[in-house]
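> Just one file: my_file.cif, with mmCIF, C-alpha atoms.
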```cif
data_protein
loop_
_atom_site.label_atom_id
_atom_site.label_comp_id
_atom_site.auth_asym_id
_atom_site.auth_seq_id
_atom_site.Cartn_x
_atom_site.Cartn_y
_atom_site.Cartn_z
CA MET A 1055 -2.07 2.55 4.52
CA SER A 1056 1.19 2.83 2.63
CA GLU A 1057 3.47 2.07 5.54
CA SER A 1058 2.55 -0.97 7.57
CA PHE A 1059 3.87 0.24 10.92
CA ALA A 1060 0.65 -0.19 12.86
CA VAL A 1061 -0.94 -3.37 14.11
CA ARG A 1062 -4.71 -3.07 14.54
CA GLU A 1063 -5.87 -6.35 15.96
CA ALA A 1064 -7.15 -5.67 19.46
CA PRO A 1065 -10.85 -6.04 20.33
CA ALA A 1066 -12.80 -3.11 21.73
CA GLY A 1067 -12.06 -2.52 25.38
CA TYR A 1068 -8.49 -3.75 25.10
CA GLN A 1069 -6.49 -3.14 28.25
CA VAL A 1070 -2.79 -2.48 28.23
CA ALA A 1071 -2.14 -5.22 30.75
CA GLN A 1072 -0.80 -8.27 28.95
CA GLU A 1073 -1.00 -11.93 29.80
CA THR A 1074 1.56 -12.58 32.50
CA GLN A 1075 4.78 -13.77 30.96
CA ARG A 1076 7.63 -15.71 32.50
CA VAL A 1077 10.00 -13.09 33.84
CA ARG A 1078 13.71 -13.79 33.41
CA PRO A 1079 16.36 -12.29 35.68
CA GLY A 1080 16.92 -8.57 35.12
CA TYR A 1081 13.33 -7.97 33.97
CA LYS A 1082 10.01 -7.18 35.65
CA GLN A 1083 6.30 -7.58 34.90
CA THR A 1084 4.35 -4.34 34.32
CA GLU A 1085 1.06 -3.26 32.80
CA VAL A 1086 2.83 -2.81 29.48
CA GLY A 1087 4.46 -6.22 29.60
CA VAL A 1088 7.84 -7.52 30.70
CA ILE A 1089 10.49 -4.79 30.63
CA PRO A 1090 14.03 -4.38 31.99
CA GLU A 1091 14.23 -3.68 35.73
CA ASP A 1092 15.90 -0.32 35.17
CA TRP A 1093 13.18 0.85 32.75
CA GLU A 1094 10.10 2.64 34.06
CA GLN A 1095 6.47 2.46 33.05
CA THR A 1096 5.25 5.95 32.24
CA THR A 1097 2.59 7.79 30.22
CA ILE A 1098 2.51 10.45 27.52
CA GLY A 1099 1.17 12.86 30.10
CA ASP A 1100 4.16 12.26 32.36
CA VAL A 1101 6.72 13.18 29.69
CA ALA A 1102 4.84 15.77 27.59
CA LEU A 1103 5.20 19.50 27.90
CA LYS A 1104 2.25 19.99 25.57
CA VAL A 1105 -0.69 17.91 24.30
CA GLY A 1106 -3.10 19.91 22.17
CA SER A 1107 -4.45 20.64 18.70
CA GLY A 1108 -5.29 23.69 16.63
CA ILE A 1109 -8.35 24.91 14.77
CA THR A 1110 -9.53 25.40 11.22
CA PRO A 1111 -9.46 29.16 10.49
CA LYS A 1112 -12.74 30.94 9.89
CA GLY A 1113 -13.38 30.77 6.18
CA GLY A 1114 -11.89 27.29 5.90
CA SER A 1115 -9.93 26.54 2.75
CA ASN A 1116 -10.65 30.04 1.43
CA THR A 1117 -8.04 31.33 3.87
CA TYR A 1118 -5.24 29.12 2.50
CA LYS A 1119 -2.39 30.84 0.72
CA GLU A 1120 0.18 29.79 -1.88
CA TYR A 1121 2.96 30.47 0.61
CA GLY A 1122 3.33 31.55 4.22
CA ARG A 1123 3.22 29.47 7.39
CA PRO A 1124 2.65 25.73 6.81
CA PHE A 1125 -0.76 24.52 7.97
CA VAL A 1126 -0.80 20.81 8.79
CA ARG A 1127 -3.96 18.78 8.26
CA SER A 1128 -4.58 15.08 8.86
CA GLN A 1129 -3.77 14.19 5.23
CA ASN A 1130 -0.26 15.57 5.81
CA VAL A 1131 0.49 13.01 8.56
CA GLY A 1132 1.32 9.53 7.33
CA TRP A 1133 2.49 6.38 9.05
CA GLY A 1134 5.79 7.66 10.42
CA ARG A 1135 6.32 10.22 7.67
CA LEU A 1136 5.09 13.61 6.56
CA ILE A 1137 3.10 13.95 3.33
CA LEU A 1138 3.68 17.51 2.23
CA GLY A 1139 2.74 17.39 -1.44
CA ASP A 1140 -0.51 19.25 -0.79
CA ILE A 1141 0.46 21.24 2.29
CA ALA A 1142 -1.62 24.38 2.85
CA TYR A 1143 -0.32 27.74 4.04
CA ILE A 1144 -1.75 30.53 6.16
CA ASP A 1145 -0.63 34.12 6.72
CA ASP A 1146 0.67 35.69 9.93
CA GLU A 1147 -2.67 37.29 10.74
CA ILE A 1148 -4.48 33.96 10.83
CA HIS A 1149 -1.55 32.37 12.66
CA SER A 1150 -1.86 34.95 15.42
CA THR A 1151 -5.40 33.78 16.20
CA PHE A 1152 -4.09 30.42 17.44
CA SER A 1153 -0.36 30.92 17.88
CA ALA A 1154 -0.40 28.69 20.96
CA THR A 1155 -0.24 25.72 18.60
CA GLU A 1156 2.79 27.01 16.70
CA LEU A 1157 4.90 24.05 15.63
CA LYS A 1158 8.44 23.36 16.74
CA GLU A 1159 10.91 20.93 15.24
CA ASN A 1160 10.54 17.39 16.63
CA ASP A 1161 6.94 17.90 17.75
CA VAL A 1162 5.12 14.58 17.40
CA LEU A 1163 2.01 15.00 15.25
CA LEU A 1164 -0.81 12.52 15.90
CA ASN A 1165 -4.05 12.26 13.90
CA ILE A 1166 -6.94 12.15 16.36
CA THR A 1167 -10.11 12.00 14.21
CA GLY A 1168 -11.44 10.19 11.16
CA ALA A 1169 -10.19 7.12 9.37
CA SER A 1170 -6.54 8.15 9.84
CA ILE A 1171 -6.63 8.07 13.65
CA GLY A 1172 -3.31 6.84 15.00
CA ARG A 1173 -1.06 7.99 12.17
CA SER A 1174 1.85 9.93 13.56
CA ALA A 1175 5.00 11.62 12.30
CA LEU A 1176 7.74 13.90 13.54
CA ALA A 1177 7.65 17.59 12.59
CA ASP A 1178 10.79 18.64 10.72
CA GLN A 1179 12.38 22.04 10.10
CA ASN A 1180 10.03 22.63 7.14
CA LEU A 1181 7.12 22.96 9.57
CA ILE A 1182 8.71 25.24 12.18
CA GLY A 1183 6.42 28.20 12.87
CA GLY A 1184 3.43 26.51 11.27
CA ASN A 1185 0.17 25.34 12.79
CA VAL A 1186 -2.10 22.30 12.90
CA ASN A 1187 -5.86 22.05 12.59
CA GLN A 1188 -8.21 20.43 15.10
CA HIS A 1189 -7.71 16.95 13.63
CA VAL A 1190 -3.99 16.83 14.49
CA CYS A 1191 -2.60 16.74 18.01
CA ILE A 1192 0.81 18.14 18.94
CA ILE A 1193 2.71 16.07 21.49
CA ARG A 1194 5.74 18.05 22.65
CA SER A 1195 7.86 15.95 24.96
CA ASN A 1196 10.37 17.07 27.54
CA SER A 1197 13.48 16.17 25.58
CA ASN A 1198 15.47 15.82 28.78
CA HIS A 1199 13.19 12.99 29.81
CA ALA A 1200 11.82 11.40 26.63
CA ASN A 1201 13.28 11.45 23.12
CA PRO A 1202 10.63 12.68 20.60
CA LYS A 1203 11.64 10.07 18.00
CA PHE A 1204 11.23 7.38 20.65
CA ILE A 1205 7.74 8.68 21.47
CA ASN A 1206 6.79 8.69 17.78
CA TYR A 1207 7.89 5.08 17.32
CA LEU A 1208 6.04 4.12 20.49
CA LEU A 1209 2.79 5.53 19.07
CA LEU A 1210 3.32 3.60 15.81
CA SER A 1211 4.09 0.34 17.59
CA SER A 1212 1.55 -2.36 18.34
CA LEU A 1213 1.51 -1.26 21.99
CA GLY A 1214 0.65 2.32 21.10
CA GLN A 1215 -1.85 1.43 18.37
CA ARG A 1216 -3.70 -1.05 20.57
CA GLN A 1217 -4.22 1.59 23.22
CA ILE A 1218 -5.39 4.08 20.59
CA ASP A 1219 -7.82 1.48 19.24
CA SER A 1220 -9.11 0.71 22.74
CA PHE A 1221 -10.30 4.31 23.10
CA GLN A 1222 -12.61 3.95 20.07
CA ALA A 1223 -15.93 2.86 21.57
CA GLY A 1224 -17.34 -0.11 19.69
CA GLY A 1225 -14.76 0.33 16.93
CA ASN A 1226 -16.50 3.47 15.68
CA ARG A 1227 -13.28 5.47 15.37
CA GLU A 1228 -14.95 8.45 17.03
CA GLY A 1229 -11.77 10.29 17.86
CA LEU A 1230 -9.22 10.74 20.61
CA ASN A 1231 -9.38 13.34 23.37
CA PHE A 1232 -6.35 14.83 25.04
CA GLY A 1233 -6.95 12.93 28.30
CA GLN A 1234 -6.84 9.64 26.45
CA ILE A 1235 -3.63 10.64 24.69
CA ARG A 1236 -2.01 11.62 27.98
CA SER A 1237 -3.00 8.26 29.48
CA ILE A 1238 -1.16 6.15 26.87
CA LYS A 1239 1.26 3.94 28.79
CA PHE A 1240 4.68 2.82 27.60
CA PRO A 1241 8.05 1.58 28.88
CA LEU A 1242 10.83 4.15 28.98
CA PRO A 1243 14.59 3.45 29.05
CA PRO A 1244 16.36 5.23 31.92
CA THR A 1245 18.83 7.25 29.88
CA LYS A 1246 18.49 9.65 27.00
CA ALA A 1247 21.38 7.87 25.27
CA GLU A 1248 19.53 4.54 25.18
CA GLN A 1249 16.34 6.15 23.89
CA GLU A 1250 18.33 7.88 21.15
CA ALA A 1251 20.08 4.64 20.21
CA ILE A 1252 16.73 2.86 19.82
CA ALA A 1253 15.25 5.74 17.80
CA GLU A 1254 18.30 5.89 15.53
CA ALA A 1255 18.26 2.14 14.90
CA LEU A 1256 14.61 2.34 13.85
CA SER A 1257 15.35 5.46 11.78
CA ASP A 1258 18.06 3.52 9.95
CA ALA A 1259 15.51 0.80 9.17
CA ASP A 1260 13.13 3.46 7.88
CA ALA A 1261 15.88 4.91 5.70
CA LEU A 1262 16.53 1.49 4.18
CA ILE A 1263 12.81 1.02 3.53
CA GLU A 1264 12.59 4.44 1.88
CA ALA A 1265 15.68 3.74 -0.24
CA LEU A 1266 14.16 0.47 -1.44
CA LYS A 1267 10.89 2.22 -2.28
CA GLN A 1268 12.70 4.85 -4.28
CA LEU A 1269 14.74 2.21 -6.11
CA ILE A 1270 11.58 0.27 -6.96
CA THR A 1271 9.98 3.47 -8.27
CA LYS A 1272 13.05 4.15 -10.41
CA LYS A 1273 13.07 0.60 -11.80
CA ARG A 1274 9.38 0.85 -12.64
CA GLN A 1275 9.97 4.13 -14.43
CA LEU A 1276 12.82 2.54 -16.40
CA LYS A 1277 10.53 -0.31 -17.38
CA GLN A 1278 7.83 2.13 -18.47
CA GLY A 1279 10.37 3.92 -20.62
CA ALA A 1280 11.52 0.63 -22.13
CA MET A 1281 7.91 -0.37 -22.84
CA GLN A 1282 7.23 2.95 -24.54
CA LYS A 1283 10.19 2.42 -26.87
CA LEU A 1284 10.11 -1.34 -27.45
CA LEU A 1285 6.36 -1.94 -27.67
CA THR A 1286 5.85 0.79 -30.24
CA GLY A 1287 8.82 -0.03 -32.45
CA LYS A 1288 10.43 3.34 -31.78
CA THR A 1289 13.52 1.45 -30.65
CA ARG A 1290 14.42 -1.79 -32.41
CA LEU A 1291 16.57 -4.46 -30.88
CA GLN A 1292 19.79 -5.30 -32.67
CA GLY A 1293 19.30 -7.83 -35.44
CA PHE A 1294 15.62 -7.10 -36.04
CA SER A 1295 14.07 -5.17 -38.90
CA GLY A 1296 10.94 -5.20 -41.02
CA GLU A 1297 7.55 -3.60 -40.68
CA TRP A 1298 5.24 -4.36 -37.81
CA VAL A 1299 1.91 -5.87 -38.79
CA GLU A 1300 -1.45 -4.38 -37.85
CA THR A 1301 -3.93 -6.92 -36.59
CA THR A 1302 -6.79 -7.36 -34.12
CA LEU A 1303 -7.17 -9.61 -31.10
CA LEU A 1304 -9.85 -11.61 -32.85
CA GLU A 1305 -7.62 -12.11 -35.89
CA LEU A 1306 -4.81 -13.33 -33.63
CA ALA A 1307 -7.32 -15.80 -32.20
CA LEU A 1308 -8.05 -16.99 -35.76
CA GLY A 1309 -11.66 -15.93 -35.25
CA LYS A 1310 -12.23 -18.95 -33.02
CA LYS A 1311 -14.40 -18.61 -29.91
CA GLU A 1312 -12.41 -21.23 -28.03
CA LEU A 1313 -9.35 -18.99 -28.41
CA PHE A 1314 -11.12 -15.75 -27.49
CA ASP A 1315 -13.95 -16.28 -25.03
CA ASP A 1316 -15.30 -14.91 -21.77
CA GLY A 1317 -15.28 -16.62 -18.43
CA ASP A 1318 -18.43 -17.95 -16.83
CA TRP A 1319 -21.41 -16.26 -15.27
CA ILE A 1320 -21.01 -17.43 -11.68
CA GLU A 1321 -23.44 -16.06 -9.11
CA SER A 1322 -22.96 -15.91 -5.35
CA GLU A 1323 -24.82 -19.16 -4.57
CA HIS A 1324 -22.13 -21.11 -6.41
CA ILE A 1325 -19.22 -19.61 -4.47
CA THR A 1326 -17.67 -21.54 -1.58
CA THR A 1327 -14.39 -21.89 0.32
CA GLU A 1328 -12.99 -24.94 -1.46
CA GLY A 1329 -13.47 -26.82 -4.69
CA VAL A 1330 -12.71 -25.31 -8.11
CA ARG A 1331 -10.65 -22.14 -7.85
CA LEU A 1332 -12.33 -18.97 -9.14
CA ILE A 1333 -10.15 -16.22 -10.60
CA GLN A 1334 -11.90 -12.86 -10.30
CA THR A 1335 -11.24 -9.41 -11.72
CA GLY A 1336 -9.33 -8.46 -8.56
CA ASN A 1337 -6.74 -11.11 -9.37
CA ILE A 1338 -5.80 -9.38 -12.60
CA GLY A 1339 -3.33 -6.56 -12.15
CA ILE A 1340 -1.65 -4.43 -14.76
CA GLY A 1341 0.64 -6.94 -16.42
CA GLU A 1342 0.72 -9.23 -13.41
CA TYR A 1343 -1.35 -11.81 -11.57
CA THR A 1344 -2.28 -10.69 -8.06
CA GLU A 1345 -3.16 -13.17 -5.33
CA THR A 1346 -5.81 -12.06 -2.85
CA TYR A 1347 -5.99 -12.74 0.87
CA VAL A 1348 -9.35 -14.48 0.50
CA LYS A 1349 -9.40 -17.06 -2.27
CA LYS A 1350 -12.75 -17.85 -3.87
CA TYR A 1351 -13.91 -21.25 -5.13
CA ILE A 1352 -17.03 -22.77 -6.68
CA TYR A 1353 -18.59 -26.12 -5.99
CA GLU A 1354 -17.50 -29.01 -8.18
CA SER A 1355 -21.17 -29.59 -8.91
CA SER A 1356 -21.48 -25.96 -10.05
CA PHE A 1357 -18.53 -26.43 -12.40
CA VAL A 1358 -20.44 -29.28 -14.03
CA SER A 1359 -23.93 -27.76 -14.01
CA LEU A 1360 -22.76 -24.37 -15.34
CA ARG A 1361 -20.54 -26.08 -17.94
CA CYS A 1362 -17.67 -23.85 -16.90
CA LYS A 1363 -14.61 -23.39 -19.06
CA GLU A 1364 -11.41 -24.48 -17.37
CA ILE A 1365 -8.52 -22.05 -17.71
CA ARG A 1366 -4.89 -23.10 -17.75
CA GLU A 1367 -1.43 -21.85 -16.89
CA GLY A 1368 -0.22 -19.57 -19.68
CA ASP A 1369 -3.67 -18.28 -20.65
CA LEU A 1370 -3.77 -14.55 -21.26
CA LEU A 1371 -6.55 -13.06 -19.13
CA ILE A 1372 -7.96 -9.64 -20.02
CA CYS A 1373 -10.23 -7.85 -17.56
CA ARG A 1374 -13.04 -6.03 -19.38
CA LEU A 1375 -14.10 -4.18 -16.24
CA ALA A 1376 -12.46 -1.03 -14.86
CA ASP A 1377 -10.32 0.10 -13.21
CA PRO A 1378 -8.67 0.15 -15.66
CA ALA A 1379 -10.57 -1.88 -18.21
CA GLY A 1380 -8.23 -3.82 -20.48
CA ARG A 1381 -5.60 -4.75 -17.91
CA ALA A 1382 -4.19 -8.20 -18.53
CA CYS A 1383 -1.87 -10.88 -17.17
CA VAL A 1384 -0.59 -14.30 -18.09
CA LEU A 1385 -1.97 -16.85 -15.65
CA PRO A 1386 0.93 -18.41 -13.71
CA ASN A 1387 0.92 -21.77 -11.94
CA ILE A 1388 -1.13 -20.99 -8.84
CA GLY A 1389 -1.06 -24.51 -7.44
CA GLU A 1390 -4.71 -25.33 -8.10
CA PRO A 1391 -5.80 -28.49 -9.97
CA LYS A 1392 -8.77 -26.82 -11.64
CA VAL A 1393 -9.37 -23.10 -12.28
CA VAL A 1394 -12.20 -21.04 -13.78
CA THR A 1395 -12.76 -17.32 -14.18
CA SER A 1396 -15.64 -14.85 -14.18
CA VAL A 1397 -17.65 -13.44 -17.07
CA ASP A 1398 -15.92 -10.04 -17.01
CA VAL A 1399 -12.61 -11.71 -17.91
CA THR A 1400 -11.76 -12.63 -21.49
CA ILE A 1401 -9.64 -15.75 -22.00
CA PHE A 1402 -7.23 -15.07 -24.87
CA ARG A 1403 -5.23 -17.96 -26.37
CA PRO A 1404 -3.46 -16.75 -29.51
CA PRO A 1405 -1.41 -19.56 -31.09
CA SER A 1406 2.21 -19.65 -29.89
CA THR A 1407 3.34 -19.80 -33.53
CA THR A 1408 2.30 -16.19 -34.12
CA ALA A 1409 2.08 -14.42 -30.75
CA ASN A 1410 4.09 -14.28 -27.53
CA ARG A 1411 1.59 -13.89 -24.69
CA VAL A 1412 4.06 -12.17 -22.34
CA PHE A 1413 4.70 -9.61 -25.10
CA LEU A 1414 0.95 -9.07 -25.44
CA ALA A 1415 0.45 -8.76 -21.65
CA ASN A 1416 3.03 -5.96 -21.67
CA LEU A 1417 1.42 -4.37 -24.72
CA PHE A 1418 -1.89 -4.48 -22.84
CA SER A 1419 -0.24 -2.56 -19.98
CA SER A 1420 0.67 0.50 -22.04
CA ASN A 1421 -1.01 3.90 -21.84
CA GLN A 1422 -1.91 3.73 -25.55
CA TRP A 1423 -3.73 0.45 -24.98
CA PHE A 1424 -5.72 1.77 -22.02
CA ARG A 1425 -6.75 4.86 -23.98
CA ALA A 1426 -7.97 2.68 -26.84
CA VAL A 1427 -9.95 0.46 -24.46
CA SER A 1428 -11.41 3.46 -22.62
CA ASP A 1429 -12.58 5.01 -25.90
CA ARG A 1430 -14.60 1.88 -26.62
CA SER A 1431 -15.90 1.26 -23.08
CA GLY A 1432 -19.46 1.93 -22.03
CA GLY A 1433 -21.41 2.31 -18.81
CA THR A 1434 -21.80 5.11 -16.30
CA THR A 1435 -21.04 3.75 -12.85
CA HIS A 1436 -19.07 0.69 -13.98
CA LYS A 1437 -17.09 1.19 -17.17
CA ARG A 1438 -16.54 -1.97 -19.21
CA ILE A 1439 -15.68 -2.98 -22.74
CA SER A 1440 -17.59 -5.72 -24.55
CA ARG A 1441 -15.75 -8.77 -25.81
CA GLY A 1442 -16.76 -7.86 -29.35
CA ALA A 1443 -15.27 -4.37 -29.05
CA LEU A 1444 -12.19 -5.82 -27.41
CA GLY A 1445 -11.72 -8.25 -30.27
CA ARG A 1446 -11.90 -5.47 -32.86
CA LEU A 1447 -9.16 -3.37 -31.26
CA LYS A 1448 -6.21 -2.93 -33.60
CA ILE A 1449 -2.64 -3.45 -32.47
CA LYS A 1450 0.72 -3.57 -34.22
CA ILE A 1451 3.11 -6.44 -33.55
CA PRO A 1452 6.48 -7.56 -34.96
CA GLN A 1453 7.49 -11.06 -35.98
CA LEU A 1454 7.35 -13.68 -33.25
CA SER A 1455 11.13 -13.74 -32.72
CA GLU A 1456 11.19 -10.00 -32.00
CA GLN A 1457 8.14 -10.31 -29.73
CA THR A 1458 9.97 -12.99 -27.75
CA ALA A 1459 13.14 -10.91 -27.48
CA ILE A 1460 11.18 -7.89 -26.23
CA ALA A 1461 9.21 -10.05 -23.79
CA SER A 1462 12.47 -11.47 -22.41
CA ILE A 1463 13.91 -8.01 -21.72
CA LEU A 1464 10.74 -6.80 -20.01
CA SER A 1465 10.44 -10.05 -18.03
CA ASP A 1466 13.99 -9.62 -16.73
CA MET A 1467 13.08 -6.12 -15.58
CA ASP A 1468 9.96 -7.50 -13.87
CA THR A 1469 12.07 -10.13 -12.12
CA GLU A 1470 14.38 -7.45 -10.76
CA ILE A 1471 11.44 -5.36 -9.55
CA THR A 1472 9.82 -8.41 -7.91
CA ALA A 1473 13.06 -9.23 -6.10
CA LEU A 1474 13.25 -5.68 -4.76
CA GLU A 1475 9.59 -5.79 -3.68
CA THR A 1476 10.27 -9.04 -1.84
CA GLN A 1477 13.25 -7.43 -0.14
CA LEU A 1478 11.04 -4.48 0.83
CA VAL A 1479 8.46 -6.78 2.42
CA LYS A 1480 11.16 -8.61 4.39
CA THR A 1481 12.71 -5.32 5.51
CA ARG A 1482 9.35 -4.08 6.75
CA GLU A 1483 8.85 -7.34 8.64
CA LEU A 1484 12.31 -6.94 10.15
CA LYS A 1485 11.43 -3.40 11.16
CA GLN A 1486 8.30 -4.66 12.93
CA GLY A 1487 10.36 -7.17 14.88
CA MET A 1488 12.90 -4.48 15.74
CA MET A 1489 10.16 -2.19 17.04
CA HIS A 1490 8.88 -4.85 19.40
CA ASN A 1491 12.28 -5.98 20.64
CA LEU A 1492 13.80 -2.52 21.06
CA LEU A 1493 10.79 -0.65 22.44
CA THR A 1494 10.20 -3.28 25.13
CA GLY A 1495 13.87 -3.78 26.07
CA GLU A 1496 13.83 -7.37 24.84
CA ILE A 1497 17.05 -6.39 23.08
CA ARG A 1498 19.29 -3.73 24.62
CA LEU A 1499 21.55 -1.52 22.53
CA ILE A 1500 23.31 0.04 25.50
#
```
What is this file in C-alpha cells?


Amino acid sequence: MSESFAVREAPAGYQVAQETQRVRPGYKQTEVGVIPEDWEQTTIGDVALKVGSGITPKGGSNTYKEYGRPFVRSQNVGWGRLILGDIAYIDDEIHSTFSATELKENDVLLNITGASIGRSALADQNLIGGNVNQHVCIIRSNSNHANPKFINYLLLSSLGQRQIDSFQAGGNREGLNFGQIRSIKFPLPPTKAEQEAIAEALSDADALIEALKQLITKKRQLKQGAMQKLLTGKTRLQGFSGEWVETTLLELALGKKELFDDGDWIESEHITTEGVRLIQTGNIGIGEYTETYVKKYIYESSFVSLRCKEIREGDLLICRLADPAGRACVLPNIGEPKVVTSVDVTIFRPPSTTANRVFLANLFSSNQWFRAVSDRSGGTTHKRISRGALGRLKIKIPQLSEQTAIASILSDMDTEITALETQLVKTRELKQGMMHNLLTGEIRLI
C-alpha cells in the first residue's frame, strides 16, 4: 500500500479488549483501552445514519460512460485518500436503479471485499450524486454526534484495522458484512469541537505528507531532466568541450574477465541466516542500492566450496534480469565483512583512470539504456540479457573529468531526494504516533 496508515498485526480472532493497563486519574479502562473519563465507548452502528453498499450495473463495464455521475469502485479508495485517475461514470438512468446509495460529501467509503479490505477515504464534492459498487461501503455518520473525518481516521488506525482483520476468518480476507461494520468499537470524545480538532490535526499531518510526496516527485523529475541533458551531452557543463567517445562495457573493462564478470551460481541449500552476505537482484534498484527486510547469507563453507567471488564497496553491479533488466547501482558500505552476489548480477569494475562508476550508474538508469538492454534481452516469462550481449552494448562517454563533474551534480540531487524521503518516513511515523495518542485521548487538544 502506498500510504502506511494501517497496522495489520493482529492474529485471527483478535478481540478489541486490550491487556489491562494502569489507569491514571481522569481515565478509565474500557474494551477499547484506557480512555478519558468523559469519553464514551461507542460503535459505528451507534453513530451511523447509513451503512450500506451499491451494486454493479447490469452490463458491467459496458455501461460506463465518459462523463456523468461518478461511480466509485474499490480501486478508487486508497489509504485515507481518493484515487480518481480511472474513475468510471454512469448515466442518470442507471443511477436511478440504485439511487439509495447516492453519495453525499463527507460519506466515509470503506472497501469491504478483496485484497483492499480496510482501505477507507472521505468522499469529497467531486463525488456528490455518484454511486458505489458492491465492494465499497458507505458509512454516513450523524454529524451532530460523530465527525466523519474522525470516523475515517478511526477506521485507518490500528484499533480500527485490527477489528477489521479480526472479522476475516482464518486470515482469508473473505469480506466484511454490514453487521460487522456496525459492531466496530471505538472511543468518542464528548464534543464535536474536540472531534474536529483531532481530525484537523491529523489532516494537517496528511497535508504535510502529501506536500513532501509532491516535492519528492518534483525533485525526481528535475533529476530525470538533468540526466537527459547531461548524460547525452546535449548540455555541457561550463569548462568542458570535446567529442564524447563511443565504447562498450567490455572495452571499458579492458576485455578482462576479472573486471567484467557474473556473480556466483548459489542454490537454495547454500543460503542461511548468517555468514557471508548475499546480494540478490532485489537489492539492485534503478541507480541505487536497496536494502531488504530479510537479508540473505551463505555458509562460509559454501563460499569456499563454490569458489565465490567476493565483491567490494564501490563495485558497479548490473542486474541482467528484469524488471527492468540493466538496472545498476554502486555497492555502498553495507557493514558486512564479506559479500557475494548472484549469477544474474554482473560485477563491473572499469578502471578509475578512465571511468567514473557513479556516472555509469546514472547512465545505466536512463530510458535510452533500458531500451538498448531490452532490445538485446531474451526469454519469454523472465526477460534477461546475457553478459556477452551486455558487454557489447555501445555507450558514449566524455573524458573522466567531465564524467566526475556530472556524477557530482547528480549525486547532490540524489542526496537532496534521499533527505526528503527520510523526512517523509519520519513524518509518517509521527502521524502514526499522533493517531494513537489523539484517537485514544492520550493527548487532549481541548

> Have a look at atom CA of A:Ala1376 and atom CA of A:Ala1443 and let me know their distance in Å, one decimal.

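Computed distance, atom CA of A:Ala1376 to atom CA of A:Ala1443, equals 14.8 Å.
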
> Taking the file as I've supplied it (selection: the PyMOL selection byres ((chain A and resi 1205-1210) around 10)), which residues are included? Please answer as a PyMOL selection string.

chain A and resi 1058-1061+1098+1101-1102+1133-1134+1160-1164+1172-1176+1193-1195+1200-1204+1211-1218+1235+1238-1242+1249+1252-1253+1256-1257+1489-1490+1493-1494

> Quick one: apply the PyMOL selection byres ((chain A and resi 1472-1483) around 9) to the file and drop the selected residues here as a PDB file with C-alpha atoms, in the coordinates of the input.


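out-v4.pdb, written as the output of this step:
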```pdb
ATOM      1  CA  GLU A1057       3.470   2.070   5.540  1.00  0.00           C
ATOM      2  CA  SER A1058       2.550  -0.970   7.570  1.00  0.00           C
ATOM      3  CA  PHE A1059       3.870   0.240  10.920  1.00  0.00           C
ATOM      4  CA  ALA A1259      15.510   0.800   9.170  1.00  0.00           C
ATOM      5  CA  ASP A1260      13.130   3.460   7.880  1.00  0.00           C
ATOM      6  CA  LEU A1262      16.530   1.490   4.180  1.00  0.00           C
ATOM      7  CA  ILE A1263      12.810   1.020   3.530  1.00  0.00           C
ATOM      8  CA  LEU A1266      14.160   0.470  -1.440  1.00  0.00           C
ATOM      9  CA  LYS A1267      10.890   2.220  -2.280  1.00  0.00           C
ATOM     10  CA  LEU A1269      14.740   2.210  -6.110  1.00  0.00           C
ATOM     11  CA  ILE A1270      11.580   0.270  -6.960  1.00  0.00           C
ATOM     12  CA  MET A1467      13.080  -6.120 -15.580  1.00  0.00           C
ATOM     13  CA  ASP A1468       9.960  -7.500 -13.870  1.00  0.00           C
ATOM     14  CA  THR A1469      12.070 -10.130 -12.120  1.00  0.00           C
ATOM     15  CA  GLU A1470      14.380  -7.450 -10.760  1.00  0.00           C
ATOM     16  CA  ILE A1471      11.440  -5.360  -9.550  1.00  0.00           C
ATOM     17  CA  LEU A1484      12.310  -6.940  10.150  1.00  0.00           C
ATOM     18  CA  LYS A1485      11.430  -3.400  11.160  1.00  0.00           C
ATOM     19  CA  GLN A1486       8.300  -4.660  12.930  1.00  0.00           C
ATOM     20  CA  GLY A1487      10.360  -7.170  14.880  1.00  0.00           C
ATOM     21  CA  MET A1488      12.900  -4.480  15.740  1.00  0.00           C
TER      22      MET A1488
END
```

> Give me, as a ChimeraX atom specification, all polymer residues having an atom no more than 12 Å from A:Ser1322, counting all atoms listed in the file and skipping those fewer than 4 positions away in the same chain.

/A:1326-1327,1332,1350-1353,1356,1396

> What does the structure give for the distance between atom CA of A:Phe1424 and atom CA of A:Leu1308, in Å to one decimal?

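Atom-to-atom, atom CA of A:Phe1424 to atom CA of A:Leu1308, that is 23.4 Å.
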
> Using the chain letters and numbers from the file, which residues does the PyMOL selection byres ((chain A and resi 1117) around 9) grab, as JSON, numbers by chain?

{"A": [1111, 1112, 1113, 1114, 1115, 1116, 1118, 1119, 1143, 1144, 1145, 1148]}

> In Å, how far is it from atom CA of A:Ala1415 to atom CA of A:Ile1325?

28.3 Å

> Just give me the residues with any atom within 10 Å of (-8.2, 8.4, 18.9), file coordinates, counting only C-alpha atoms, written as a list in words.

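Residues with an atom at most 10 Å from (-8.2, 8.4, 18.9): Leu1164, Asn1165, Ile1166, Thr1167, Gly1168, Ala1169, Ser1170, Ile1171, Gly1172, Arg1173, Gln1215, Gln1217, Ile1218, Asp1219, Ser1220, Phe1221, Gln1222, Ala1223, Arg1227, Glu1228, Gly1229, Leu1230, Asn1231, Phe1232, Gln1234 and Ile1235 of chain A.
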
> For stretch 1291-1300 of chain A, find every residue with an atom within 9 Å (counting all atoms listed in the file), except residues of its own chain fewer than 5 positions away, and show them as a list in words.

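Non-adjacent residues within range: Leu1284, Lys1448, Ile1449, Lys1450, Ile1451, Pro1452, Gln1453, Ser1455, Glu1456, Ala1459 and Ile1460 of chain A.
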
> Can you pull out every residue within 8 Å of A:Arg1446, counting only C-alpha atoms, but drop anything in the same chain fewer than 6 positions away, and send it as a list in words?

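In the requested form, the answer reads Thr1302, Leu1303 and Leu1304 of chain A.
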
> Have a look at A:Ala1261, A:Ile1340, A:Val1393, A:Leu1444 and name the one nearest to A:Gly1317; count only C-alpha atoms.

A:Val1393

> Using only C-alpha atoms, find the one residue out of A:Gln1179, A:Ser1428, A:Thr1084, A:Thr1395 that sits nearest to A:Trp1319.

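Using only C-alpha atoms, A:Trp1319 sits closest to A:Thr1395.
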